[in-house]
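J.: File coords06.cif follows (mmCIF, C-alpha atoms and all ligand atoms):
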```cif
data_start
loop_
_atom_site.label_atom_id
_atom_site.label_comp_id
_atom_site.auth_asym_id
_atom_site.auth_seq_id
_atom_site.Cartn_x
_atom_site.Cartn_y
_atom_site.Cartn_z
CA MET A 1 -3.38 -43.88 -4.15
CA LYS A 2 -0.50 -44.06 -1.72
CA TRP A 3 1.27 -40.99 -3.05
CA GLU A 4 -1.61 -38.94 -1.71
CA ASN A 5 -0.30 -39.51 1.82
CA LYS A 6 2.79 -37.56 0.84
CA VAL A 7 0.98 -34.61 -0.64
CA ARG A 8 0.80 -31.20 1.09
CA LYS A 9 -2.93 -30.76 1.41
CA VAL A 10 -4.46 -27.34 1.84
CA VAL A 11 -7.90 -25.80 1.81
CA PRO A 12 -7.37 -22.79 -0.43
CA TYR A 13 -8.46 -19.22 0.20
CA VAL A 14 -11.62 -18.33 -1.69
CA ALA A 15 -11.38 -14.90 -3.29
CA GLY A 16 -14.48 -12.88 -4.17
CA GLU A 17 -15.94 -13.84 -7.52
CA GLN A 18 -14.89 -11.94 -10.65
CA PRO A 19 -18.01 -11.94 -12.82
CA LYS A 20 -17.71 -10.36 -16.26
CA LYS A 21 -20.97 -8.71 -17.17
CA ASP A 22 -21.58 -5.49 -19.06
CA LYS A 23 -24.01 -3.91 -16.68
CA MET A 24 -22.99 -5.25 -13.31
CA ILE A 25 -22.08 -3.24 -10.22
CA LYS A 26 -19.07 -4.92 -8.71
CA LEU A 27 -18.62 -4.09 -5.04
CA ASN A 28 -17.30 -7.41 -3.77
CA THR A 29 -13.49 -7.26 -3.76
CA ASN A 30 -12.68 -3.76 -2.50
CA GLU A 31 -11.25 -2.58 -5.79
CA CYS A 32 -11.00 1.13 -6.54
CA PRO A 33 -13.87 2.39 -8.72
CA TYR A 34 -11.60 4.98 -10.39
CA PRO A 35 -8.80 4.36 -12.90
CA PRO A 36 -5.09 4.49 -12.03
CA ALA A 37 -3.26 7.85 -12.26
CA PRO A 38 -3.29 9.40 -15.76
CA GLY A 39 0.51 9.06 -16.01
CA VAL A 40 0.14 5.29 -15.63
CA LYS A 41 -2.14 5.17 -18.67
CA ARG A 42 0.19 7.38 -20.72
CA LEU A 43 3.22 5.29 -19.84
CA ALA A 44 1.42 1.98 -20.44
CA GLU A 45 0.57 3.13 -23.94
CA THR A 46 4.18 3.93 -24.80
CA MET A 47 5.85 0.95 -23.17
CA ASN A 48 8.47 -0.85 -25.22
CA VAL A 49 7.23 -4.40 -25.65
CA ASP A 50 10.60 -5.50 -27.09
CA ASP A 51 12.08 -5.09 -23.61
CA LEU A 52 9.91 -7.94 -22.38
CA ARG A 53 12.45 -10.42 -23.75
CA LEU A 54 14.63 -9.50 -20.77
CA TYR A 55 14.11 -10.54 -17.17
CA PRO A 56 12.78 -7.79 -14.93
CA ASN A 57 14.82 -6.15 -12.17
CA ALA A 58 14.82 -8.86 -9.49
CA SER A 59 15.26 -6.37 -6.67
CA VAL A 60 12.58 -4.03 -8.07
CA THR A 61 15.04 -1.21 -7.39
CA PRO A 62 13.28 1.80 -9.00
CA LEU A 63 10.01 1.03 -7.22
CA VAL A 64 11.74 0.33 -3.90
CA ASP A 65 13.55 3.68 -4.25
CA ALA A 66 10.33 5.52 -5.12
CA LEU A 67 8.55 4.06 -2.09
CA ALA A 68 11.50 4.76 0.23
CA ASP A 69 11.48 8.35 -0.94
CA TYR A 70 7.70 8.69 -0.56
CA TYR A 71 7.59 7.20 2.94
CA HIS A 72 10.89 8.77 4.14
CA VAL A 73 12.69 5.52 4.92
CA LYS A 74 15.85 3.90 3.54
CA PRO A 75 15.51 1.68 0.44
CA SER A 76 16.92 -1.14 2.61
CA GLN A 77 13.75 -0.87 4.71
CA VAL A 78 11.41 -1.59 1.78
CA PHE A 79 10.40 -4.94 0.28
CA VAL A 80 8.11 -5.20 -2.75
CA GLY A 81 5.98 -8.18 -3.75
CA VAL A 82 3.29 -9.32 -6.17
CA GLY A 83 0.38 -7.80 -4.30
CA SER A 84 0.37 -7.65 -0.53
CA ASP A 85 -0.80 -11.27 -0.54
CA ASP A 86 2.67 -12.19 -1.84
CA VAL A 87 4.36 -9.99 0.77
CA LEU A 88 2.22 -11.45 3.56
CA SER A 89 2.76 -15.01 2.41
CA MET A 90 6.54 -14.46 2.34
CA ALA A 91 6.37 -12.83 5.76
CA PHE A 92 4.49 -15.82 7.21
CA LEU A 93 7.13 -18.14 5.72
CA THR A 94 10.02 -16.03 7.01
CA PHE A 95 8.95 -14.78 10.42
CA PHE A 96 6.50 -17.30 11.81
CA CYS A 97 8.60 -20.40 12.25
CA SER A 98 9.14 -20.72 16.01
CA GLY A 99 6.64 -23.57 16.38
CA GLN A 100 4.67 -21.46 18.86
CA PRO A 101 1.16 -20.38 17.85
CA ILE A 102 0.83 -17.07 16.07
CA LEU A 103 -2.07 -14.80 17.04
CA PHE A 104 -4.64 -12.98 14.95
CA PRO A 105 -8.27 -11.81 15.44
CA ASP A 106 -11.11 -14.32 15.04
CA VAL A 107 -12.85 -12.03 12.55
CA THR A 108 -10.22 -10.89 10.08
CA TYR A 109 -8.73 -11.36 6.62
CA SER A 110 -9.53 -14.96 5.82
CA PHE A 111 -6.17 -15.62 4.14
CA TYR A 112 -4.27 -15.68 7.45
CA ASP A 113 -5.43 -19.12 8.56
CA VAL A 114 -4.87 -20.42 5.01
CA TRP A 115 -1.20 -19.35 5.00
CA ALA A 116 -0.79 -20.69 8.53
CA ASP A 117 -2.14 -24.07 7.38
CA LEU A 118 -0.08 -24.02 4.19
CA TYR A 119 3.16 -23.45 6.09
CA ARG A 120 2.09 -25.64 9.04
CA ILE A 121 2.23 -22.71 11.44
CA PRO A 122 0.14 -23.25 14.59
CA TYR A 123 -2.22 -20.38 15.32
CA LYS A 124 -4.68 -19.12 17.89
CA THR A 125 -7.41 -16.57 17.20
CA CYS A 126 -8.33 -13.83 19.67
CA ALA A 127 -11.99 -12.85 19.73
CA LEU A 128 -12.83 -9.27 18.80
CA ASP A 129 -14.96 -7.62 21.49
CA GLU A 130 -18.72 -7.04 21.11
CA ASN A 131 -17.99 -3.80 19.21
CA TRP A 132 -15.61 -5.63 16.83
CA HIS A 133 -12.52 -4.09 18.45
CA ILE A 134 -9.22 -5.81 19.22
CA ASN A 135 -8.45 -6.20 22.92
CA PRO A 136 -4.68 -5.58 23.21
CA GLU A 137 -4.56 -7.69 26.40
CA ASP A 138 -5.26 -10.79 24.26
CA TYR A 139 -1.93 -10.22 22.54
CA LYS A 140 0.11 -10.37 25.73
CA GLN A 141 0.18 -14.17 25.95
CA PRO A 142 3.11 -16.33 24.76
CA ASN A 143 3.09 -16.48 20.94
CA GLY A 144 5.19 -17.05 17.83
CA GLY A 145 4.18 -13.83 16.10
CA ILE A 146 1.20 -11.55 15.57
CA ILE A 147 -0.69 -10.27 12.55
CA PHE A 148 -3.75 -8.08 12.20
CA PRO A 149 -5.09 -5.67 9.62
CA ASN A 150 -5.60 -2.03 10.57
CA PRO A 151 -8.25 -1.03 9.64
CA ASN A 152 -9.48 -4.59 10.13
CA ALA A 153 -11.20 -6.46 7.34
CA PRO A 154 -14.05 -7.16 6.92
CA THR A 155 -15.19 -4.88 9.78
CA GLY A 156 -13.46 -1.71 8.51
CA LEU A 157 -12.71 -0.69 12.09
CA LEU A 158 -9.54 1.20 12.88
CA GLU A 159 -7.48 0.64 16.02
CA SER A 160 -5.61 3.64 17.40
CA LEU A 161 -1.88 3.97 16.95
CA GLU A 162 -1.64 3.64 20.76
CA THR A 163 -3.29 0.20 20.62
CA VAL A 164 -0.97 -0.90 17.81
CA GLU A 165 2.07 0.35 19.72
CA GLU A 166 0.88 -1.36 22.89
CA ILE A 167 0.80 -4.71 21.04
CA VAL A 168 4.15 -4.17 19.29
CA SER A 169 5.96 -3.04 22.43
CA ALA A 170 4.55 -5.92 24.51
CA ASN A 171 6.00 -8.44 22.03
CA PRO A 172 9.66 -7.55 21.42
CA ASP A 173 10.64 -11.20 20.92
CA VAL A 174 8.38 -11.87 17.94
CA VAL A 175 7.55 -10.14 14.69
CA VAL A 176 4.31 -8.14 14.65
CA ILE A 177 2.82 -7.57 11.19
CA VAL A 178 0.32 -4.78 10.68
CA ASP A 179 -1.57 -5.29 7.41
CA GLU A 180 -2.49 -1.79 6.26
CA ALA A 181 -4.25 -2.69 3.00
CA TYR A 182 -6.94 -0.08 3.77
CA VAL A 183 -5.04 2.50 5.80
CA ASP A 184 -5.13 5.23 3.14
CA PHE A 185 -8.91 5.61 3.53
CA GLY A 186 -8.65 7.37 6.87
CA GLY A 187 -6.40 5.30 9.08
CA THR A 188 -3.25 6.24 10.95
CA SER A 189 -0.32 4.22 9.69
CA ALA A 190 2.10 2.45 12.00
CA LEU A 191 4.90 3.45 9.59
CA SER A 192 5.84 6.16 12.10
CA LEU A 193 6.85 3.34 14.47
CA VAL A 194 9.12 1.25 12.24
CA ASN A 195 12.29 3.04 13.31
CA LYS A 196 11.32 2.69 16.97
CA TYR A 197 10.50 -1.05 16.96
CA ASP A 198 12.73 -3.52 15.14
CA ASN A 199 10.01 -6.22 15.32
CA LEU A 200 7.35 -4.24 13.43
CA LEU A 201 6.53 -4.90 9.78
CA VAL A 202 3.96 -2.68 8.05
CA VAL A 203 2.39 -4.07 4.87
CA GLN A 204 0.53 -1.98 2.28
CA THR A 205 -0.83 -2.43 -1.25
CA PHE A 206 -1.44 -0.61 -4.55
CA SER A 207 -4.64 -2.65 -5.06
CA LYS A 208 -7.11 -0.39 -3.27
CA SER A 209 -6.15 3.26 -2.84
CA ARG A 210 -3.83 3.32 -5.87
CA ALA A 211 -6.35 1.61 -8.16
CA MET A 212 -3.94 -1.03 -9.41
CA ALA A 213 -5.28 -4.40 -8.25
CA GLY A 214 -4.68 -5.76 -11.75
CA LEU A 215 -0.95 -5.08 -11.63
CA ARG A 216 -0.40 -6.88 -8.32
CA ILE A 217 1.86 -4.59 -6.31
CA GLY A 218 2.29 -4.79 -2.56
CA PHE A 219 5.10 -3.73 -0.26
CA CYS A 220 6.22 -3.68 3.31
CA ILE A 221 8.42 -1.41 5.39
CA GLY A 222 10.31 -2.30 8.51
CA ASN A 223 13.69 -2.56 10.16
CA GLU A 224 16.54 -3.29 7.71
CA LYS A 225 17.21 -6.67 9.27
CA LEU A 226 13.59 -7.78 8.86
CA ILE A 227 13.69 -6.73 5.22
CA GLN A 228 16.96 -8.59 4.66
CA TYR A 229 15.49 -11.82 6.07
CA LEU A 230 12.41 -11.41 3.93
CA SER A 231 14.48 -10.75 0.86
CA ASP A 232 16.64 -13.82 1.53
CA ALA A 233 13.50 -15.98 1.69
CA LYS A 234 12.13 -14.45 -1.51
CA PHE A 235 15.39 -15.05 -3.40
CA SER A 236 15.29 -18.66 -2.20
CA PHE A 237 11.81 -19.01 -3.64
CA ASN A 238 11.62 -17.13 -6.94
CA SER A 239 13.97 -14.32 -7.99
CA TYR A 240 11.82 -12.67 -10.63
CA THR A 241 8.43 -12.31 -9.04
CA MET A 242 7.33 -8.87 -10.15
CA ASN A 243 6.95 -8.39 -13.88
CA MET A 244 8.47 -5.49 -15.77
CA PRO A 245 5.26 -3.53 -16.59
CA SER A 246 4.17 -3.59 -12.93
CA GLN A 247 7.55 -2.26 -11.82
CA ILE A 248 7.51 0.58 -14.35
CA LEU A 249 3.87 1.55 -13.85
CA GLY A 250 4.12 1.27 -10.08
CA VAL A 251 6.78 4.00 -10.01
CA GLU A 252 4.56 6.21 -12.13
CA ALA A 253 1.64 5.78 -9.71
CA VAL A 254 3.77 6.85 -6.73
CA LYS A 255 4.79 10.04 -8.57
CA ASP A 256 1.24 11.37 -8.83
CA ASP A 257 0.43 12.15 -5.23
CA ALA A 258 -2.25 14.73 -6.12
CA TYR A 259 -4.28 12.16 -8.05
CA PHE A 260 -3.84 9.59 -5.28
CA LYS A 261 -5.15 12.00 -2.65
CA GLU A 262 -8.02 13.13 -4.86
CA THR A 263 -9.15 9.55 -5.51
CA VAL A 264 -8.95 8.57 -1.85
CA GLY A 265 -10.82 11.77 -0.90
CA LYS A 266 -13.65 10.95 -3.29
CA ILE A 267 -14.01 7.43 -1.91
CA ILE A 268 -14.05 8.70 1.67
CA ALA A 269 -16.76 11.28 0.81
CA THR A 270 -18.88 8.61 -0.89
CA ARG A 271 -18.40 6.28 2.07
CA GLU A 272 -19.59 8.88 4.55
CA ARG A 273 -22.66 9.61 2.43
CA ALA A 274 -23.40 5.89 2.05
CA LYS A 275 -23.20 5.52 5.84
CA LYS A 276 -26.00 8.09 6.31
CA GLU A 277 -28.22 6.61 3.62
CA LEU A 278 -27.78 3.02 4.73
CA LYS A 279 -28.53 4.01 8.32
CA GLU A 280 -31.82 5.51 7.14
CA LEU A 281 -32.67 2.18 5.52
CA GLY A 282 -32.24 0.33 8.82
CA PHE A 283 -28.65 -0.87 8.43
CA THR A 284 -26.10 -0.80 11.23
CA PHE A 285 -22.35 -1.15 10.81
CA PRO A 286 -19.03 -0.48 12.51
CA ASP A 287 -17.71 3.01 11.70
CA SER A 288 -15.53 1.98 8.78
CA ARG A 289 -12.29 3.76 7.91
CA ALA A 290 -11.79 1.52 4.88
CA ASN A 291 -13.22 1.50 1.34
CA PHE A 292 -16.06 -0.79 2.37
CA LEU A 293 -18.90 -1.04 4.89
CA PHE A 294 -19.78 -4.14 6.89
CA VAL A 295 -23.53 -3.90 7.23
CA THR A 296 -26.35 -5.71 9.00
CA HIS A 297 -30.02 -4.97 8.44
CA GLU A 298 -32.40 -4.61 11.39
CA SER A 299 -34.87 -7.17 10.00
CA ILE A 300 -33.77 -8.80 6.74
CA PRO A 301 -31.10 -11.55 6.91
CA ALA A 302 -27.86 -10.66 5.10
CA LYS A 303 -27.96 -13.83 3.04
CA GLU A 304 -31.31 -12.85 1.53
CA ILE A 305 -30.14 -9.35 0.70
CA PHE A 306 -26.96 -10.78 -0.81
CA GLN A 307 -28.97 -13.06 -3.08
CA ALA A 308 -31.41 -10.32 -4.11
CA LEU A 309 -28.51 -7.99 -4.96
CA ARG A 310 -26.80 -10.72 -6.91
CA GLU A 311 -29.90 -11.36 -9.00
CA ALA A 312 -29.88 -7.66 -9.83
CA ASP A 313 -26.20 -7.99 -10.91
CA ILE A 314 -24.98 -6.10 -7.87
CA TYR A 315 -22.12 -8.04 -6.35
CA VAL A 316 -21.18 -7.64 -2.68
CA ARG A 317 -19.43 -10.08 -0.31
CA TYR A 318 -21.11 -12.48 2.09
CA TRP A 319 -19.54 -15.15 4.33
CA ASP A 320 -21.61 -17.95 5.79
CA LYS A 321 -19.36 -18.08 8.86
CA PRO A 322 -20.01 -17.90 12.61
CA ARG A 323 -20.32 -14.34 13.99
CA ILE A 324 -20.47 -12.70 10.56
CA ASP A 325 -23.24 -14.63 8.80
CA ASN A 326 -25.65 -11.72 9.13
CA CYS A 327 -23.27 -9.16 7.64
CA LEU A 328 -22.57 -7.99 4.10
CA ARG A 329 -19.38 -6.29 3.03
CA ILE A 330 -20.11 -3.60 0.48
CA THR A 331 -17.17 -1.98 -1.30
CA ILE A 332 -17.52 1.77 -1.83
CA GLY A 333 -18.01 2.38 -5.54
CA THR A 334 -18.58 5.62 -7.44
CA ASP A 335 -21.39 7.93 -6.31
CA LYS A 336 -23.47 6.65 -9.22
CA GLU A 337 -22.91 3.02 -8.26
CA MET A 338 -23.77 3.71 -4.63
CA ASP A 339 -26.91 5.58 -5.69
CA ALA A 340 -27.99 2.53 -7.68
CA VAL A 341 -27.32 0.19 -4.74
CA ILE A 342 -29.20 2.41 -2.29
CA GLU A 343 -32.11 2.78 -4.73
CA PHE A 344 -32.27 -0.99 -5.15
CA LEU A 345 -32.13 -1.59 -1.39
CA LYS A 346 -34.80 1.03 -0.74
CA SER A 347 -37.31 -0.61 -3.06
CA TYR A 348 -36.27 -4.13 -1.98
CA ILE A 349 -36.90 -3.28 1.68
CA GLU A 350 -40.20 -1.54 0.81
CA ARG A 351 -41.38 -4.60 -1.11
CA GLY A 352 -40.64 -6.79 1.89
CA LYS A 353 -42.82 -4.71 4.24
N1 LIG B 401 -4.85 -7.70 3.27
C1 LIG B 401 -6.16 -7.51 3.40
C2 LIG B 401 -6.72 -7.21 4.74
C3 LIG B 401 -7.02 -7.59 2.28
O1 LIG B 401 -8.32 -7.43 2.41
C4 LIG B 401 -6.45 -7.86 1.01
C5 LIG B 401 -7.33 -7.93 -0.21
N2 LIG B 401 -7.92 -9.16 -0.43
C6 LIG B 401 -5.08 -8.07 0.93
C7 LIG B 401 -4.31 -7.97 2.07
C8 LIG B 401 -4.40 -8.45 -0.34
O2 LIG B 401 -4.47 -7.51 -1.34
P1 LIG B 401 -3.46 -7.50 -2.55
O3 LIG B 401 -2.80 -8.86 -2.65
O4 LIG B 401 -4.30 -7.20 -3.74
O5 LIG B 401 -2.46 -6.44 -2.26
#
```
Write the structure described by the file as structure tokens, please.
Ligand code: PMP

T.:
Amino acid sequence: MKWENKVRKVVPYVAGEQPKKDKMIKLNTNECPYPPAPGVKRLAETMNVDDLRLYPNASVTPLVDALADYYHVKPSQVFVGVGSDDVLSMAFLTFFCSGQPILFPDVTYSFYDVWADLYRIPYKTCALDENWHINPEDYKQPNGGIIFPNPNAPTGLLESLETVEEIVSANPDVVVIVDEAYVDFGGTSALSLVNKYDNLLVVQTFSKSRAMAGLRIGFCIGNEKLIQYLSDAKFSFNSYTMNMPSQILGVEAVKDDAYFKETVGKIIATRERAKKELKELGFTFPDSRANFLFVTHESIPAKEIFQALREADIYVRYWDKPRIDNCLRITIGTDKEMDAVIEFLKSYIERGK
């Protein structure tokens, strides 16, 4: 079929599976194991469905204002999207169009190369060092823009604010995007640098630390001019991206800072405990500051463990890719879920001896 020559062909991103089983333990997509803030539930139950006949607020003003207030920036420095995937995709479209290759780590969020291919953006990957760290020197070569997560995914490793600043300040002529999807679990945000560097865009999400993956809320903060360009691209694409319930419930989540901090604190405590117990079982891993661990066992291949867990209805993430094909990414669940995983692994490893 000749029309096929004219089609934009892409190899799509593959998200973690979403099995629906009663008794499963789902630790494969870095969701929060706890519910959203109580106020979100209360408000959801009293929402006026009749209002849904109207279009939502295209500029997402109340949520932008709430975020600006929370992060002590101007509303004109905030852009909200349908999950951070939407924000990142828009940012690729808007900021990475010089024709020069953009740079990102070789082991990183596997959506970056998909967006680059979708938008026909050339890219070059920079190898993480043998300890999975970014080498800032790699990001001092000519480029059309830079993106990396901090903490990185799937390694969970955090780069210092000094390293981030070194990369941002060495690249004043391009936009540098720091994807902070996991920063609330113990990272240091680069938000403190957005008023110092007009080329820095910091992206965050409600999907992990705010327990709202199902509502699809992401946002970014940066210099007003960056946000204006991003907004212009969005309004040239689709005005009404974020639905009304997400806008309303998102504001409610931001209001409850005590619940947010409590939830994050619980996940961090569980993560630190899981680190100790997994170490005792012969696992090694980078010292994660995210809500997941990226583990390798001293003797059993990751693929085998992945399959055994899956058969027991415990879902974790595995990639059959160079450099990471002996690693499993395990999302931090509740204490009870982690106990069950550790128990399973203990007896699985014993059986193999
Ligand atoms: N960035 C990173 C590094 C991620 O791991 C994810 C989650 N898949 C996202 C962004 C996107 O998350 P969301 O669209 O749910 O905000």

J.: So which residues are near ligand LIG 401 (chain B), meaning at most 10 Å away with all atoms listed in the file counted, given back as an MDAnalysis selection string?

T.: chainID A and resid 14:16 29:31 81:89 108:112 148:154 156 178:183 203:208 212:219 290

J.: In Å, with one decimal, what is the gap from CA of Phe92 in chain A to CA of Ala116 in chain A?

T.: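 Between CA of Phe92 in chain A and CA of Ala116 in chain A the gap works out to 7.3 Å.
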
J.: I'd like the neighbourhood of Met24 in chain A as a ChimeraX atom specification, where a residue qualifies if any of its atoms comes within 9 Å (using all atoms listed in the file), though same-chain residues fewer than 2 positions away should be ignored.

T.: /A:19-22,26,312-315

J.: If I take CA of Ile300 in chain A and CA of Ile349 in chain A, how far is one from the other in Å, to one decimal?

T.: 8.1 Å

J.: Go through A:Thr46, A:Asn171, A:Asn223, A:Ser288 one by one, measure the shortest atom-to-atom distance of each to Ser192 in chain A using only C-alpha atoms, and give the residue with the smallest value.

T.: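 Smallest separation from Ser192 in chain A among the options: A:Asn223.
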
J.: In Å, rounded to a single decimal, give me how far CA of Ile146 in chain A is from CA of Phe104 in chain A.

T.: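 That distance, rounded to one decimal, is 6.0 Å.
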
J.: Measuring atom to atom with all atoms listed in the file, identify which of A:Val295, A:Val176, A:Ala190, A:Ile102 is nearest to Asp117 in chain A.

T.: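 That would be A:Ile102, the residue with the smallest distance to Asp117 in chain A.
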
J.: Which residues are near Thr284 in chain A? Cut-off 10 Å, all atoms listed in the file, ignore same chain within fewer than 5 positions. Put them as a list in words.

T.: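 Returned residues: Lys275, Leu278, Lys279, Leu293, Phe294, Val295, Thr296, His297, Glu298 and Cys327 of chain A.
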
J.: So, with all atoms listed in the file as the atoms that count, which of A:Asn199, A:Phe344, A:Asp113, A:Ile268 lies closest to Gly187 in chain A?

T.: A:Ile268

J.: Can you tell me, as a PyMOL selection string, what residues are no more than 7 Å from Ile121 in chain A when counting all atoms listed in the file, ignoring any on the same chain fewer than 5 positions away?

T.: chain A and resi 96-97+99+101+116

J.: Given all atoms listed in the file as the basis, pick out the residue of A:Leu103, A:Val194, A:Ala211, A:Ala233 nearest to Lys261 in chain A.

T.: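 Closest residue, counting all atoms listed in the file: A:Ala211.
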
J.: Name the residues in contact with range 196-198 of chain A at a cut-off of 8 Å, using all atoms listed in the file, excluding same-chain residues fewer than 2 positions from it; report them as a PyMOL selection string.

T.: chain A and resi 168-169+172+193-194+200+222-223+226

J.: May I have the residues within 7 Å of Ile227 in chain A as a PyMOL selection string, using only C-alpha atoms and disregarding those fewer than 4 positions away in the same chain?

T.: chain A and resi 76-79+222-223+231

J.: Find the residue from A:Val264, A:Leu328, A:Ile147, A:Met338 that sits nearest to Cys32 in chain A; use all atoms listed in the file when measuring.

T.: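 So, comparing all the options, the nearest one is A:Val264.
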